[in-house]
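Colleague: So I've got this file, model39.cif, and it contains mmCIF, C-alpha atoms and all ligand atoms:
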data_model
loop_
_atom_site.label_atom_id
_atom_site.label_comp_id
_atom_site.auth_asym_id
_atom_site.auth_seq_id
_atom_site.Cartn_x
_atom_site.Cartn_y
_atom_site.Cartn_z
CA MET P 66 31.29 29.33 -40.59
CA LYS P 67 34.62 31.15 -40.05
CA ASN P 68 37.74 28.96 -39.98
CA SER P 69 40.76 30.23 -38.07
CA TYR P 70 43.63 28.13 -39.38
CA SER P 71 47.07 28.28 -37.72
CA ILE P 72 50.09 29.31 -39.85
CA SER P 73 51.31 25.69 -40.06
CA GLU P 74 47.81 24.57 -41.10
CA ILE P 75 47.72 27.25 -43.82
CA ILE P 76 51.13 26.09 -45.14
CA LYS P 77 50.00 22.44 -45.08
CA ASN P 78 46.80 23.37 -46.92
CA ILE P 79 48.72 25.32 -49.59
CA ILE P 80 50.98 22.31 -50.22
CA ALA P 81 47.91 20.04 -50.30
CA LEU P 82 46.13 22.42 -52.70
CA VAL P 83 49.06 22.35 -55.15
CA PHE P 84 49.12 18.54 -54.90
CA THR P 85 45.35 18.45 -55.44
CA LYS P 86 45.40 20.68 -58.52
CA ILE P 87 48.15 18.55 -60.10
CA PHE P 88 46.93 15.05 -59.27
CA PHE P 89 43.18 15.38 -58.45
CA LYS P 90 41.96 18.21 -60.71
CA LYS P 91 38.24 17.88 -59.92
CA ALA P 92 38.77 17.69 -56.16
CA ARG P 93 38.50 20.66 -53.78
CA LEU P 94 41.27 19.63 -51.36
CA ILE P 95 43.13 16.34 -50.84
CA ARG P 96 44.98 16.69 -47.54
CA LEU P 97 48.33 14.93 -47.13
CA PRO P 98 49.34 12.31 -46.36
CA ILE P 99 46.93 10.18 -48.35
CA TYR P 100 47.36 6.54 -49.32
CA ILE P 101 45.77 5.46 -52.59
CA ARG P 102 46.12 2.02 -54.14
CA GLY P 103 44.68 1.23 -57.59
CA LYS P 104 43.81 4.82 -58.55
CA THR P 105 42.67 3.78 -62.04
CA HIS P 106 39.67 2.13 -60.34
CA LEU P 107 38.72 5.35 -58.51
CA SER P 108 36.14 7.86 -59.70
CA TYR P 109 35.30 10.98 -57.69
CA GLY P 110 33.09 13.98 -58.37
CA ASN P 111 33.64 17.71 -58.22
CA GLY P 112 34.44 19.19 -54.83
CA PHE P 113 35.84 16.00 -53.28
CA THR P 114 37.59 16.87 -50.00
CA THR P 115 39.60 14.60 -47.72
CA GLY P 116 41.05 14.95 -44.23
CA TYR P 117 44.50 13.78 -43.13
CA ASN P 118 45.70 10.20 -43.41
CA CYS P 119 42.88 8.78 -45.52
CA ARG P 120 43.32 5.41 -47.15
CA LEU P 121 41.50 4.53 -50.38
CA GLU P 122 42.18 1.05 -51.75
CA MET P 123 40.83 -0.47 -54.94
CA PHE P 124 41.81 -4.12 -55.30
CA ASP P 125 41.71 -6.45 -58.31
CA ILE P 126 39.53 -9.06 -56.62
CA THR P 127 36.93 -9.05 -59.38
CA GLN P 128 38.78 -8.67 -62.67
CA GLY P 129 37.99 -5.88 -65.09
CA ASN P 130 39.06 -2.40 -65.93
CA TYR P 131 36.18 -0.55 -64.30
CA LYS P 132 35.66 1.92 -61.45
CA LYS P 133 35.38 0.08 -58.15
CA LEU P 134 35.14 3.06 -55.83
CA ILE P 135 32.74 5.70 -57.15
CA ILE P 136 32.35 8.89 -55.10
CA GLY P 137 29.75 11.48 -56.16
CA ASN P 138 29.92 15.28 -56.22
CA ASN P 139 30.65 17.44 -53.17
CA CYS P 140 31.62 14.62 -50.83
CA LYS P 141 33.70 15.50 -47.79
CA ILE P 142 35.50 12.89 -45.73
CA GLY P 143 37.38 13.48 -42.47
CA ASP P 144 40.69 12.17 -41.13
CA TYR P 145 41.68 8.50 -41.09
CA VAL P 146 38.83 7.38 -43.34
CA HIS P 147 39.57 3.94 -44.79
CA ILE P 148 37.58 2.80 -47.82
CA ALA P 149 38.46 -0.50 -49.51
CA ALA P 150 36.71 -1.63 -52.70
CA GLY P 151 37.26 -5.05 -54.27
CA GLU P 152 34.12 -5.16 -56.40
CA LYS P 153 32.02 -1.98 -55.98
CA VAL P 154 31.63 0.75 -53.38
CA ILE P 155 29.37 3.61 -54.48
CA ILE P 156 29.01 6.83 -52.48
CA GLY P 157 26.36 9.31 -53.66
CA ASN P 158 26.44 13.10 -53.94
CA ASN P 159 26.81 15.50 -51.01
CA CYS P 160 27.86 12.91 -48.45
CA LEU P 161 29.62 14.02 -45.29
CA MET P 162 31.83 11.65 -43.35
CA ALA P 163 33.47 12.38 -40.01
CA SER P 164 36.80 10.77 -39.05
CA LYS P 165 37.99 7.20 -38.40
CA ILE P 166 35.40 5.58 -40.66
CA TYR P 167 35.78 2.15 -42.26
CA ILE P 168 33.80 1.19 -45.36
CA SER P 169 34.51 -1.94 -47.38
CA ASP P 170 32.90 -4.50 -49.66
CA ILE P 171 35.61 -7.06 -48.84
CA SER P 172 35.78 -9.86 -46.28
CA HIS P 173 38.67 -12.24 -45.56
CA GLY P 174 36.69 -15.40 -46.21
CA CYS P 175 33.01 -16.35 -46.08
CA TYR P 176 31.12 -17.08 -42.85
CA LYS P 177 27.54 -16.84 -44.11
CA GLU P 178 24.99 -19.54 -43.40
CA GLY P 179 24.14 -21.64 -46.44
CA LEU P 180 27.42 -20.89 -48.24
CA GLU P 181 30.77 -22.66 -48.24
CA ASN P 182 32.56 -21.38 -45.13
CA ASP P 183 36.24 -20.74 -44.45
CA SER P 184 38.02 -22.95 -41.95
CA PRO P 185 39.49 -21.40 -38.78
CA ASP P 186 42.63 -23.47 -39.48
CA ILE P 187 43.45 -21.29 -42.51
CA PRO P 188 45.28 -18.08 -41.53
CA PRO P 189 42.85 -15.16 -42.13
CA ASP P 190 45.13 -13.45 -44.65
CA ARG P 191 45.18 -16.63 -46.79
CA ARG P 192 41.40 -17.08 -46.92
CA LEU P 193 39.72 -16.34 -50.25
CA LEU P 194 38.57 -12.73 -50.35
CA ALA P 195 34.79 -12.43 -50.65
CA THR P 196 33.11 -9.26 -51.93
CA ASP P 197 29.60 -7.83 -51.71
CA PRO P 198 28.96 -4.28 -52.98
CA VAL P 199 28.32 -1.33 -50.67
CA ILE P 200 26.00 1.45 -51.83
CA ILE P 201 25.58 4.74 -49.96
CA GLY P 202 22.95 7.19 -51.25
CA ASN P 203 22.93 10.98 -51.61
CA ASN P 204 23.02 13.43 -48.66
CA VAL P 205 24.17 10.81 -46.17
CA TRP P 206 25.96 11.94 -42.99
CA ILE P 207 28.20 9.35 -41.34
CA GLY P 208 29.36 10.10 -37.79
CA GLU P 209 32.71 9.57 -36.13
CA ASN P 210 34.21 6.09 -35.84
CA VAL P 211 31.60 4.21 -37.91
CA SER P 212 32.09 0.88 -39.69
CA ILE P 213 30.00 -0.02 -42.74
CA LEU P 214 30.42 -3.66 -43.64
CA SER P 215 30.23 -5.45 -46.99
CA GLY P 216 26.86 -5.90 -48.69
CA ILE P 217 25.26 -2.84 -47.08
CA THR P 218 23.00 -0.31 -48.81
CA ILE P 219 22.27 2.99 -47.07
CA GLY P 220 19.45 5.07 -48.57
CA ASP P 221 19.35 8.79 -49.42
CA GLY P 222 19.30 11.29 -46.58
CA CYS P 223 20.31 8.84 -43.84
CA ILE P 224 22.40 9.59 -40.76
CA VAL P 225 24.65 7.02 -39.10
CA GLY P 226 25.34 7.89 -35.45
CA ALA P 227 28.84 8.04 -33.98
CA ASN P 228 30.51 4.70 -33.15
CA SER P 229 27.96 2.61 -35.06
CA VAL P 230 28.60 -0.65 -36.89
CA VAL P 231 26.19 -0.97 -39.81
CA THR P 232 25.39 -4.63 -40.46
CA LYS P 233 21.98 -4.32 -42.15
CA ASN P 234 20.57 -2.18 -44.98
CA VAL P 235 19.23 1.23 -43.97
CA PRO P 236 16.13 2.59 -45.77
CA LYS P 237 16.19 6.20 -46.97
CA HIS P 238 15.52 9.11 -44.56
CA THR P 239 16.43 7.09 -41.48
CA ILE P 240 18.78 7.70 -38.54
CA VAL P 241 20.53 4.60 -37.25
CA ALA P 242 22.92 4.22 -34.34
CA GLY P 243 24.60 1.63 -32.16
CA VAL P 244 26.39 -1.71 -32.45
CA PRO P 245 24.80 -3.25 -34.45
CA ALA P 246 23.17 -0.09 -35.84
CA LYS P 247 19.42 0.09 -35.20
CA VAL P 248 16.84 2.61 -36.40
CA ILE P 249 16.43 5.43 -33.85
CA LYS P 250 14.51 8.01 -35.92
CA VAL P 251 12.67 8.26 -39.25
CA TRP P 252 11.93 11.43 -41.23
CA ASN P 253 8.23 12.26 -41.32
CA LYS P 254 7.45 14.13 -44.54
CA GLU P 255 4.11 15.54 -43.34
CA SER P 256 5.33 17.00 -40.06
CA GLU P 257 8.86 17.60 -41.37
CA LEU P 258 10.26 16.14 -38.18
CA TRP P 259 12.53 13.22 -37.29
CA ILE P 260 10.26 10.93 -35.29
CA LYS P 261 11.65 8.44 -32.71
CA SER P 262 10.90 4.83 -33.61
C1 LIG T 301 22.83 10.11 -34.56
C2 LIG T 301 22.69 11.51 -34.02
C3 LIG T 301 22.74 12.54 -35.17
C4 LIG T 301 21.31 11.55 -33.35
O1 LIG T 301 21.11 12.80 -32.80
P1 LIG T 301 19.69 13.12 -32.06
O2 LIG T 301 18.59 12.87 -33.03
O3 LIG T 301 19.81 14.45 -31.44
O4 LIG T 301 19.65 11.95 -30.97
P2 LIG T 301 18.88 11.88 -29.58
O5 LIG T 301 19.75 12.51 -28.55
O6 LIG T 301 17.48 12.39 -29.74
O7 LIG T 301 18.87 10.32 -29.33
C5 LIG T 301 17.83 9.45 -29.67
C6 LIG T 301 18.14 8.08 -29.09
O8 LIG T 301 19.24 7.51 -29.84
C7 LIG T 301 20.34 7.23 -28.96
N1 LIG T 301 21.57 7.60 -29.69
C8 LIG T 301 21.84 8.79 -30.30
N2 LIG T 301 23.04 8.74 -30.89
C9 LIG T 301 23.54 7.50 -30.66
C10 LIG T 301 24.75 6.87 -31.01
N3 LIG T 301 25.68 7.48 -31.75
N4 LIG T 301 24.92 5.59 -30.62
C11 LIG T 301 24.00 4.95 -29.88
N5 LIG T 301 22.81 5.50 -29.52
C12 LIG T 301 22.60 6.76 -29.90
C13 LIG T 301 20.13 8.13 -27.74
O9 LIG T 301 20.76 7.59 -26.62
C14 LIG T 301 18.62 8.11 -27.62
O10 LIG T 301 18.24 6.88 -27.04
P3 LIG T 301 16.93 6.80 -26.05
O11 LIG T 301 15.74 7.09 -26.95
O12 LIG T 301 16.95 5.38 -25.56
O13 LIG T 301 17.13 7.83 -25.01
C15 LIG T 301 23.82 11.86 -33.00
O14 LIG T 301 23.57 11.23 -31.75
C16 LIG T 301 25.19 11.44 -33.50
O15 LIG T 301 25.69 10.34 -33.27
N6 LIG T 301 25.83 12.37 -34.25
C17 LIG T 301 27.10 12.18 -34.90
C18 LIG T 301 28.18 13.06 -34.26
C19 LIG T 301 29.46 12.98 -35.03
O16 LIG T 301 30.01 11.93 -35.23
N7 LIG T 301 29.90 14.12 -35.50
C20 LIG T 301 31.08 14.19 -36.34
C21 LIG T 301 31.12 15.53 -37.04
S1 LIG T 301 31.04 15.39 -38.84
#
Written as structure tokens, how would this file's structure read?
Ligand SMILES: CC(C)(COP(=O)(O)OP(=O)(O)OC[C@H]1O[C@@H](n2cnc3c(N)ncnc32)[C@H](O)[C@@H]1OP(=O)(O)O)[C@@H](O)C(=O)NCCC(=O)NCCS

Modeller:
Amino acid sequence: MKNSYSISEIIKNIIALVFTKIFFKKARLIRLPIYIRGKTHLSYGNGFTTGYNCRLEMFDITQGNYKKLIIGNNCKIGDYVHIAAGEKVIIGNNCLMASKIYISDISHGCYKEGLENDSPDIPPDRRLLATDPVIIGNNVWIGENVSILSGITIGDGCIVGANSVVTKNVPKHTIVAGVPAKVIKVWNKESELWIKS
């Protein structure tokens, strides 16, 4: 695919490339501005590429000097992607993310049945932060404006349709879409076709 960048885009990319080679040696291109909190807890693979205005946050919710956000090789994320990791967010190899995506393993409080719940009388920002790891497999394509909530596992080769909110695990080789995201197609190995479900 041929890219026709404008002059200003070329200048911005050159500045970003210099920044990338100094501060993110393994990455392909980290576009600016980027907001990163807790970089020591970040691991990314070769070829990592980000769009404009991404926000990667690694918080000390679970103690320990380990990588909380792990991004595999050749991952490309679009503009305004916000990923927050308090315990563990793993993204596999060759994942493609569009723009305005939210992925996090953190919740302001606990609202699950069968567990101690947070009172509505406590301001949300003072509720105890709860974490539940997020795992995204290899070769996953995540469409525009998607939210992936805490505790979710998405299998290899999945596609998440634009504007989806993923609230349940997605088995490998599945296309999900909607709010909440539901299975719309599954890869059939024999016919080599995505079959409507
Ligand atoms: C998920 C996606 C890949 C599916 O494409 P597709 O297989 O060609 O989908 P179809 O048009 O065959 O749709 C199948 C069904 O899913 C529904 N559907 C498809 N995408 C949907 C979405 N994002 N949200 C809700 N429903 C969706 C269709 O309405 C259709 O429903 P029906 O069977 O009741 O008629 C595509 O719709 C999509 O969302 N792509 C992401 C685009 C994007 O964000 N690009 C960013 C560039 S990186």

Colleague: Do you know which residues lie at most 12 Å from (45.1, 14.4, -59.2), with coordinates as in the file and all atoms listed in the file counted, and could you write them as a list in words?

Modeller: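 Answer for this query, in the requested form: Ala81, Leu82, Val83, Phe84, Thr85, Lys86, Ile87, Phe88, Phe89, Lys90, Lys91, Ala92, Arg93, Leu94, Ile95, Arg96, Ile99, Ile101, Lys104, Thr105, Leu107, Ser108, Tyr109, Asn111 and Phe113 of chain P.
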
Colleague: Using only C-alpha atoms and all ligand atoms, find each protein or nucleic acid residue lying at most 9 Å from ligand LIG 301 (chain T); present the set as number ranges by chain.

Modeller: P: 142-143, 161-164, 206-211, 224-229, 240-244, 246-250, 259-262

Colleague: Excluding same-chain residues fewer than 5 positions from Ser172 in chain P, what lies within 7 Å of it counting all atoms listed in the file, as a short mmCIF file (atom, residue, chain, number, x, y, z; two decimals) with C-alpha atoms, in the coordinates of the input?

Modeller:
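Wrote part-v2.cif, looks like this:
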data_model
loop_
_atom_site.label_atom_id
_atom_site.label_comp_id
_atom_site.auth_asym_id
_atom_site.auth_seq_id
_atom_site.Cartn_x
_atom_site.Cartn_y
_atom_site.Cartn_z
CA LEU P 194 38.57 -12.73 -50.35
CA ALA P 195 34.79 -12.43 -50.65
CA THR P 196 33.11 -9.26 -51.93
#

Colleague: So how many Å separate CA of Trp252 in chain P and CA of Gly157 in chain P, to one decimal?

Modeller: 19.2 Å

Colleague: Near Tyr131 in chain P, within 12 Å and counting all atoms listed in the file, which residues show up once chain neighbours fewer than 4 positions away are dropped, as a list of chain:residue names?

Modeller: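 Result of the neighbour search: P:Gly103, P:Lys104, P:Thr105, P:His106, P:Leu107, P:Ser108, P:Met123, P:Phe124, P:Asp125, P:Ile126, P:Thr127, P:Ile135, P:Ala150, P:Gly151, P:Glu152, P:Lys153, P:Val154.
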
Colleague: For a test of reading the model, state the distance in Å between CA of His238 in chain P and CA of Asn253 in chain P, rounded to one decimal.

Modeller: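 CA of Asn253 in chain P lies 8.6 Å from CA of His238 in chain P.
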
Colleague: Using all atoms listed in the file, which residues sit within 9 Å of Arg120 in chain P once same-chain residues fewer than 3 positions away are excluded, as a PDB file with C-alpha atoms, in the frame of the given file?

Modeller:
ATOM      1  CA  ILE P  99      46.930  10.180 -48.350  1.00  0.00           C
ATOM      2  CA  TYR P 100      47.360   6.540 -49.320  1.00  0.00           C
ATOM      3  CA  ILE P 101      45.770   5.460 -52.590  1.00  0.00           C
ATOM      4  CA  ARG P 102      46.120   2.020 -54.140  1.00  0.00           C
ATOM      5  CA  TYR P 145      41.680   8.500 -41.090  1.00  0.00           C
ATOM      6  CA  VAL P 146      38.830   7.380 -43.340  1.00  0.00           C
ATOM      7  CA  HIS P 147      39.570   3.940 -44.790  1.00  0.00           C
ATOM      8  CA  ILE P 148      37.580   2.800 -47.820  1.00  0.00           C
ATOM      9  CA  ALA P 149      38.460  -0.500 -49.510  1.00  0.00           C
TER      10      ALA P 149
END

Colleague: Pick out the closest residue to Ile136 in chain P from this set: P:Ile166, P:Gly174, P:Leu180, P:Gly110. Count only C-alpha atoms.

Modeller: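 The answer is P:Gly110, which sits nearest to Ile136 in chain P.
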
Colleague: Nearest residue to Tyr117 in chain P out of P:Asn78, P:Asn203, P:Asn182, P:Asn139, using only C-alpha atoms?

Modeller: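 When distances to Tyr117 in chain P are compared using only C-alpha atoms, the smallest one comes from P:Asn78.
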